Structures are given as C-alpha cells and as structure tokens.
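Note sheet for the following structure.
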Amino acid sequence: MTNNNVTILTDPMPIKQWFLKEWLFIFLRIMRDQLSPPKQNYNKSKFRGHPAVTRSLVEGLGILKYNFNYNPRFINQIHKNVIVLSGVKTLKQAIYLKKIGVINKLYAGPNIVVYASDNDFILGSPEIDIVITPCKWVIDVYLEDCPLLKNKIISWPAGVNTNYWTPKKENNFKNKILIYEKQNKGPVGPVEPYVALLQKLNYEVKVMKYGNFTHKEFLENLNESILMIGFVTDESQGLAWSEAWSCDVPTFIWRNTSNIYNGRKYNCSTAPYLSDETGLFFDNIYDFEIYVNNFLSGQYRFHARDWVLKNMSDKVCAKQLYNHINKLC
C-alpha cells in the first residue's frame with residue numbers, strides 16, 4: 001500500500017469487538033438485497049450512507065482508476081488514508097483504528113452529524129485530520145460550535161453521473177416547466193400561485209415532490225422541461241439541482257437564508273452552488289414573474305451542463321478530494 005491509496009467507509013468493519021454484530025448486519029443486508037435487489041432510484045441503492053454521495057465518490061475514483069477500496073471487511077485491507085463518509089459508529093471505529101496506528105490520515109464527513117456539537121463533539125476528535133462538509137455555509141455552522149475546526153475543515157460537493165443525467169438531443173421543443181418541491185411545511189409556502197402563473201403563460205407545469213419519484217421519472221421530466229423551479233427550506237449541496245444542470249436545465253431557486261432545526265436557528269442557503277451559468281434565486285412571486293418573463297424572452301444565457309462538466313461531474317469531484325488527500329500526505 002502507498003500513501004496515495006484510499007479506503008472509503010460508510011459502515012463499521014467486522015473486526016475486533018465489532019466482529020459478530022457487523023457480520024450479522026452484512027448477512028442481513030445480503031439477504032435483503034437477494035430478495036429485493038437495489039434499484040437506481042431515490043429509495044434504494046447498493047451504496048450505503050448517503051447513496052448519491054457514496055456512489056459519486058466510488059464511481060468517480062473508479063473512472064480515474066485510482067487505487068481505493070470501499071467498505072473492506074478485513075483490517076489488512078484498510079489503506080492508510082481513510083474517508084468516513086457517514087455513520088457515527090463508523091467514525092468511532094475509525095478513530096480507534098487511528099489511535100492504534102492502522103490509519104494514517106482520517107477524513108470525516110460530509111454525512112455524519114447535523115451540528116458539530118452532536119454526539120459529544122465527535123468531529124472535534126484530535127484523531128480526525130480533516131472534516132468534510134458539503135458547502136461553505138455548513139462550515140460556518142460547524143465553526144459556531146467548534147472553532148477548533150477552523151484549520152481542518154473543507155467543503156467538498158459530491159458529483160453527478162453526467163452520462164446518465166444528460167439532455168435528449170432530439171427534444172428541441174419544450175413546453176414544460178418543472179417544479180421541484182422538497183418540503184410541504186416551513187417557510188417555503190404554497191407553490192400553487194407559481195403554478196397558476198406559469199400556466200397563464202401557456203406552459204405545462206409538472207410538480208414533483210421529493211421522495212415520491214424515481215431517478216428515471218425525474219430524468220424523463222427534466223428532458224421535457226425548459227426550466228426547473230426549486231422550493232426547499234435549505235440545501236447543504238442540492239444534488240437535484242446538479243442533476244438538472246447536467247441535463248442542461250437551468251434552475252430558478254426560491255431564496256431562504258435561515259432555518260430552524262431542533263429548536264436552533266442557523267444561516268443557510270437553498271442552493272449553495274447556484275451560479276450565473278446555472279440559474280438564479282428569486283425571493284417572491286413578484287420578482288419570480290419578472291425573471292420568468294426575462295428568461296422566456298431570451299434575456300438570460302445559461303450554460304448549465306457546461307458548468308457541471310467543468311465543476312461537478314463524478315470525475316471532477318472525486319479528483320478534487322483525492323488531490324486534497326495527496327496534498328496532506
């Protein structure tokens with residue numbers, strides 16, 4: 001093993017005191033997948049942790065042909081550089097392995113805790129070399145709890161499969177606008193006035209609610225749409241936005257800058273990676289109407305897919321994180 005090799009973990013390994021329990025979990029997952037094979041949709045995946053994040057890093061490193069492994073089962077298969085993408089139990093085990101010298105560099109995140117103070121400030125453990133977050137605003141929230149992370153925290157977005165999320169070349173005329181709604185409660189408010197406005201402009205409107213559709217259904221609707229409107233209370237990255245951009249569909253995202261979780265208010269964004277090339281924010285239905293009319297009259301020139309190919313493909317994002325590990329070694 002060289003210093004450049006990487007192990008990706010989303011589950012504790014069946015070793016030492018975790019041996020029997022984790023082997024049981026592995027067996028049960030194998031049986032479950034035999035009875036009901038994982039599918040490429042929002043609800044089931046062969047990848048553990050946050051499936052989209054894990055898939056992106058594993059497949060991105062595979063495209064790059066870098067030497068890595070994912071959820072190895074034996075201690076002699078662990079590389080010196082380890083990324084724990086998700087799971088508090090997994091991170092606790094990795095911290096133990098770092099203490100006894102099995103791991104050299106330990107990265108933790110981005111899908112482990114909500115606040116840095118969760119689970120007794122586990123992200124502040126001295127054994128963790130780098131904490132990974134999905135974006136800049138999450139870094140700010142973490143640093144409010146744990147200022148000691150200041151020099152050991154980075155933002156890293158997961159990528160998208162640009163070969164799957166791709167526009168249909170033959171579908172040049174589009175008369176549909178897609179609305180993506182992630183939450184029914186909170187400050188977002190009803191989407192019906194926006195639907196009515198778009199229908200008044202003679203556009204077909206399709207509303208898709210998060211968790212109620214498959215990747216295939218989302219892709220089909222994106223390929224029929226000229227624009228996607230997003231309503232969420234916050235997004236630490238916004239993978240659905242990236243998937244739309246990869247299909248060359250720009251997004252207009254409702255702006256929200258604060259939210260409350262577990263009684264705590266924090267500053268946030270609804271689209272931390274939105275840019276002039278991929279879309280814009282709107283605050284209410286009044287400026288939304290102006291922006292939509294400007295868009296339909298051709299006043300904006302978005303280049304959403306080009307931006308994703310340069311900044312957020314599986315390959316680009318995996319290489320970004322891998323290069324950071326090499327720089328630290």
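Ordering of the structure tokens sets the chain letters (A, B, ...), residue numbers begin anew at 1 in every chain, and ligands are numbered from 1 in the order given.
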
Next on the checklist: Set the distance at 10 Å and use only C-alpha atoms: which residues neighbour Val102 in chain A once local chain neighbours fewer than 2 positions away are removed? I'd like the list as a list in words.
Outcome noted: Ile75, Asn76, Ile78, His79, Lys80, Asn81, Val82, Ala94, Ile95, Tyr96, Leu97, Lys98, Lys99, Ile100, Asn104 and Lys105 of chain A

Output C-alpha atoms for every residue in the selection just made, as a compact mmCIF listing (two decimals), in the first residue's frame.
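The new file out_21.txt reads:
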# COMPACT_ATOMS: atom_id res chain seq x y z
CA ILE A 75 -8.31 -4.97 8.79
CA ASN A 76 -5.38 -5.75 6.47
CA ILE A 78 -7.55 -0.78 5.14
CA HIS A 79 -5.43 1.79 3.37
CA LYS A 80 -3.52 4.41 5.33
CA ASN A 81 -5.86 7.19 4.17
CA VAL A 82 -9.48 6.70 5.22
CA ALA A 94 -12.05 4.70 12.53
CA ILE A 95 -10.90 6.91 15.42
CA TYR A 96 -9.95 3.76 17.33
CA LEU A 97 -8.03 2.45 14.30
CA LYS A 98 -6.23 5.77 14.04
CA LYS A 99 -5.22 5.56 17.69
CA ILE A 100 -3.63 2.13 17.24
CA ASN A 104 -2.54 7.48 8.96
CA LYS A 105 -4.90 10.23 7.72

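Among A:Leu296, A:Ile325, A:Ala271, A:Leu239, the residue with the shortest atom-to-atom distance to Met312 in chain A, counting only C-alpha atoms, is A:Leu239.
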
Checklist entry - Counting only C-alpha atoms, what is within 7 Å of Phe231 in chain A, bar same-chain residues fewer than 2 positions away, as a list in words? => result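 The residues satisfying every condition are Tyr180, Glu181, Lys182, Val188, Ile229, Ile253 and Trp254 of chain A.
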
Output N, CA and C atoms of each residue in that selection to a file, as a tab-separated table (two decimals), in the first residue's frame.
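Final output, saved to out-v8.tsv:
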chain	number	residue	atom	x	y	z
A	180	TYR	N	-39.86	21.51	-8.46
A	180	TYR	CA	-39.32	20.53	-7.52
A	180	TYR	C	-39.59	21.04	-6.12
A	181	GLU	N	-40.37	20.28	-5.35
A	181	GLU	CA	-40.75	20.70	-4.01
A	181	GLU	C	-40.27	19.67	-3.00
A	182	LYS	N	-39.41	20.10	-2.10
A	182	LYS	CA	-38.81	19.14	-1.16
A	182	LYS	C	-39.55	19.07	0.17
A	188	VAL	N	-41.35	27.74	3.15
A	188	VAL	CA	-41.45	27.71	1.69
A	188	VAL	C	-42.77	28.29	1.20
A	229	ILE	N	-38.03	24.91	-11.34
A	229	ILE	CA	-38.20	25.82	-10.21
A	229	ILE	C	-38.05	25.00	-8.93
A	253	ILE	N	-34.35	29.13	-8.10
A	253	ILE	CA	-34.47	28.58	-6.75
A	253	ILE	C	-35.00	29.65	-5.80
A	254	TRP	N	-36.05	29.28	-5.05
A	254	TRP	CA	-36.57	30.18	-4.03
A	254	TRP	C	-35.49	30.39	-2.96

Give me the residues of range 203-276 of chain A that have any atom at most 12 Å from an atom of range 51-71 of chain A; for each, the nearest atom pair and the distance in Å, rounded to one decimal. Use only C-alpha atoms, sort by chain and number, and format it as a Markdown table.
| residue | atom | partner | partner_atom | distance |
| --- | --- | --- | --- | --- |
| A:His215 | CA | A:Ala52 | CA | 11.1 |
| A:Gln237 | CA | A:Val53 | CA | 10.4 |
| A:Gly238 | CA | A:Ala52 | CA | 11.2 |
| A:Leu239 | CA | A:Ala52 | CA | 8.1 |
| A:Ala240 | CA | A:Ala52 | CA | 10.3 |
| A:Ser242 | CA | A:Ala52 | CA | 11.7 |
| A:Glu243 | CA | A:Ala52 | CA | 11.0 |

Item to check | Top pick for closest residue to Pro167 in chain A, considering A:Pro250, A:Gly279, A:Pro12, A:Pro190 and counting only C-alpha atoms | outcome: A:Pro250

Checklist outcome for this item: If you count only C-alpha atoms, the residue of A:Thr251, A:Thr162, A:Ser269, A:Asn212 closest to Asp234 in chain A turns out to be A:Ser269

Item to check | Pairwise distance for CA of Tyr164 in chain A and CA of Asp314 in chain A, rounded to one decimal in Å | outcome: 11.3 Å

Checklist entry - If we count only C-alpha atoms, what is near range 109-118 of chain A at a cut-off of 9 Å, once residues fewer than 6 positions away on the same chain are taken out, given as an MDAnalysis selection string? => result chainID A and resid 49:50 53 83:88 91 124 130:134 138 141:146 155:157 261

Checklist entry - Leaving out Ile26 in chain A and any residue of its chain fewer than 2 positions from it, which residues lie within 12 Å of it when counting only C-alpha atoms, given as a list in words? => result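 Result of the neighbour search: Asp11, Pro12, Met13, Pro14, Trp18, Phe19, Leu20, Lys21, Glu22, Trp23, Leu24, Leu28, Arg29, Ile30, Met31, Arg32, Asp33, Arg48, Asn71, Pro72 and Arg73 of chain A.
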
Mind dumping the selected residues with C-alpha atoms as a PDB file, in the first residue's frame?
ATOM      1  CA  ASP A  11     -20.230   1.109   7.829  1.00  0.00           C
ATOM      2  CA  PRO A  12     -18.141  -0.261  10.697  1.00  0.00           C
ATOM      3  CA  MET A  13     -15.888  -3.145   9.709  1.00  0.00           C
ATOM      4  CA  PRO A  14     -16.490  -6.621  11.202  1.00  0.00           C
ATOM      5  CA  TRP A  18     -17.478  -5.246  16.227  1.00  0.00           C
ATOM      6  CA  PHE A  19     -16.919  -8.696  14.652  1.00  0.00           C
ATOM      7  CA  LEU A  20     -20.152 -10.602  15.369  1.00  0.00           C
ATOM      8  CA  LYS A  21     -22.560  -7.665  15.197  1.00  0.00           C
ATOM      9  CA  GLU A  22     -21.267  -6.296  11.901  1.00  0.00           C
ATOM     10  CA  TRP A  23     -21.075  -9.710  10.228  1.00  0.00           C
ATOM     11  CA  LEU A  24     -24.714 -10.191  11.198  1.00  0.00           C
ATOM     12  CA  LEU A  28     -28.917  -9.465   6.718  1.00  0.00           C
ATOM     13  CA  ARG A  29     -28.179  -6.870   4.036  1.00  0.00           C
ATOM     14  CA  ILE A  30     -27.090  -9.594   1.605  1.00  0.00           C
ATOM     15  CA  MET A  31     -30.307 -11.500   2.243  1.00  0.00           C
ATOM     16  CA  ARG A  32     -32.381  -8.337   1.849  1.00  0.00           C
ATOM     17  CA  ASP A  33     -30.715  -7.482  -1.456  1.00  0.00           C
ATOM     18  CA  ARG A  48     -24.516   2.826   1.783  1.00  0.00           C
ATOM     19  CA  ASN A  71     -16.154  -0.877   2.907  1.00  0.00           C
ATOM     20  CA  PRO A  72     -13.448  -3.569   3.154  1.00  0.00           C
ATOM     21  CA  ARG A  73     -14.187  -6.376   5.586  1.00  0.00           C
TER      22      ARG A  73
END

Next on the checklist: Env of Glu217 in chain A: 12 Å cut, atoms = only C-alpha atoms, seq-sep filter 3 positions within chain, self excluded. Answer as an NGL selection string.
Outcome noted: :A and (40-42 or 165 or 178 or 206-214 or 220-224)

Just-selected residues, N, CA and C atoms written as a PDB file, in the first residue's frame:
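Generated file (result.pdb):
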ATOM      1  N   GLN A  40     -31.799   1.737  -9.140  1.00  0.00           N
ATOM      2  CA  GLN A  40     -31.280   3.092  -9.302  1.00  0.00           C
ATOM      3  C   GLN A  40     -32.417   4.095  -9.142  1.00  0.00           C
ATOM      4  N   ASN A  41     -32.864   4.295  -7.931  1.00  0.00           N
ATOM      5  CA  ASN A  41     -33.861   5.315  -7.669  1.00  0.00           C
ATOM      6  C   ASN A  41     -33.567   5.972  -6.328  1.00  0.00           C
ATOM      7  N   TYR A  42     -34.439   6.871  -5.909  1.00  0.00           N
ATOM      8  CA  TYR A  42     -34.161   7.648  -4.707  1.00  0.00           C
ATOM      9  C   TYR A  42     -34.283   6.838  -3.428  1.00  0.00           C
ATOM     10  N   TRP A 165     -27.323  11.667 -16.396  1.00  0.00           N
ATOM     11  CA  TRP A 165     -28.069  12.923 -16.395  1.00  0.00           C
ATOM     12  C   TRP A 165     -27.624  13.742 -17.604  1.00  0.00           C
ATOM     13  N   LEU A 178     -40.763  22.456 -14.859  1.00  0.00           N
ATOM     14  CA  LEU A 178     -40.794  21.501 -13.757  1.00  0.00           C
ATOM     15  C   LEU A 178     -40.649  22.231 -12.429  1.00  0.00           C
ATOM     16  N   LYS A 206     -45.313  20.634 -14.254  1.00  0.00           N
ATOM     17  CA  LYS A 206     -45.255  19.358 -13.547  1.00  0.00           C
ATOM     18  C   LYS A 206     -44.639  19.604 -12.175  1.00  0.00           C
ATOM     19  N   VAL A 207     -45.350  19.209 -11.113  1.00  0.00           N
ATOM     20  CA  VAL A 207     -44.837  19.340  -9.743  1.00  0.00           C
ATOM     21  C   VAL A 207     -44.368  17.971  -9.276  1.00  0.00           C
ATOM     22  N   MET A 208     -43.100  17.892  -8.863  1.00  0.00           N
ATOM     23  CA  MET A 208     -42.542  16.647  -8.338  1.00  0.00           C
ATOM     24  C   MET A 208     -42.118  16.881  -6.896  1.00  0.00           C
ATOM     25  N   LYS A 209     -42.619  16.040  -5.998  1.00  0.00           N
ATOM     26  CA  LYS A 209     -42.300  16.169  -4.584  1.00  0.00           C
ATOM     27  C   LYS A 209     -41.224  15.172  -4.198  1.00  0.00           C
ATOM     28  N   TYR A 210     -40.225  15.661  -3.511  1.00  0.00           N
ATOM     29  CA  TYR A 210     -39.065  14.858  -3.118  1.00  0.00           C
ATOM     30  C   TYR A 210     -39.500  13.567  -2.432  1.00  0.00           C
ATOM     31  N   GLY A 211     -38.886  12.457  -2.867  1.00  0.00           N
ATOM     32  CA  GLY A 211     -39.146  11.163  -2.265  1.00  0.00           C
ATOM     33  C   GLY A 211     -40.270  10.391  -2.910  1.00  0.00           C
ATOM     34  N   ASN A 212     -40.982  11.017  -3.859  1.00  0.00           N
ATOM     35  CA  ASN A 212     -42.132  10.361  -4.472  1.00  0.00           C
ATOM     36  C   ASN A 212     -41.906   9.997  -5.937  1.00  0.00           C
ATOM     37  N   PHE A 213     -40.647   9.920  -6.351  1.00  0.00           N
ATOM     38  CA  PHE A 213     -40.377   9.593  -7.747  1.00  0.00           C
ATOM     39  C   PHE A 213     -39.011   8.920  -7.869  1.00  0.00           C
ATOM     40  N   THR A 214     -38.790   8.268  -8.991  1.00  0.00           N
ATOM     41  CA  THR A 214     -37.533   7.566  -9.231  1.00  0.00           C
ATOM     42  C   THR A 214     -36.587   8.448 -10.043  1.00  0.00           C
ATOM     43  N   GLU A 220     -36.811  11.825 -17.045  1.00  0.00           N
ATOM     44  CA  GLU A 220     -37.784  11.997 -18.127  1.00  0.00           C
ATOM     45  C   GLU A 220     -38.426  13.377 -18.078  1.00  0.00           C
ATOM     46  N   ASN A 221     -38.773  13.837 -16.880  1.00  0.00           N
ATOM     47  CA  ASN A 221     -39.389  15.160 -16.753  1.00  0.00           C
ATOM     48  C   ASN A 221     -38.393  16.279 -17.025  1.00  0.00           C
ATOM     49  N   LEU A 222     -37.151  16.095 -16.613  1.00  0.00           N
ATOM     50  CA  LEU A 222     -36.131  17.099 -16.929  1.00  0.00           C
ATOM     51  C   LEU A 222     -35.938  17.230 -18.431  1.00  0.00           C
ATOM     52  N   ASN A 223     -35.932  16.096 -19.125  1.00  0.00           N
ATOM     53  CA  ASN A 223     -35.720  16.122 -20.568  1.00  0.00           C
ATOM     54  C   ASN A 223     -36.887  16.717 -21.339  1.00  0.00           C
ATOM     55  N   GLU A 224     -38.003  16.906 -20.663  1.00  0.00           N
ATOM     56  CA  GLU A 224     -39.162  17.535 -21.302  1.00  0.00           C
ATOM     57  C   GLU A 224     -39.332  18.987 -20.870  1.00  0.00           C
TER      58      GLU A 224
END

Checklist entry - So how many Å separate CA of Lys168 in chain A and CA of Asn294 in chain A, to one decimal? => result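 Computing the Euclidean distance for CA of Lys168 in chain A and CA of Asn294 in chain A yields 24.5 Å.
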
Item to check | Surrounding residues of Asp287 in chain A excluding itself and chain neighbours under 5 positions, 12 Å, only C-alpha atoms, as a list of chain:residue names | outcome: A:Tyr194, A:Phe252, A:Ile253, A:Trp254, A:Arg255, A:Leu280, A:Phe281, A:Phe282, A:Val292, A:Asn293, A:Asn294

Checklist outcome for this item: As a check of understanding: the span from CA of Gln320 in chain A to CA of Ile153 in chain A is 14.5 Å

Item to check | Which of range 171-266 of chain A fall in alpha helix (DSSP H), as a PyMOL selection string | outcome: chain A and resi 192-200+215-222+239-246
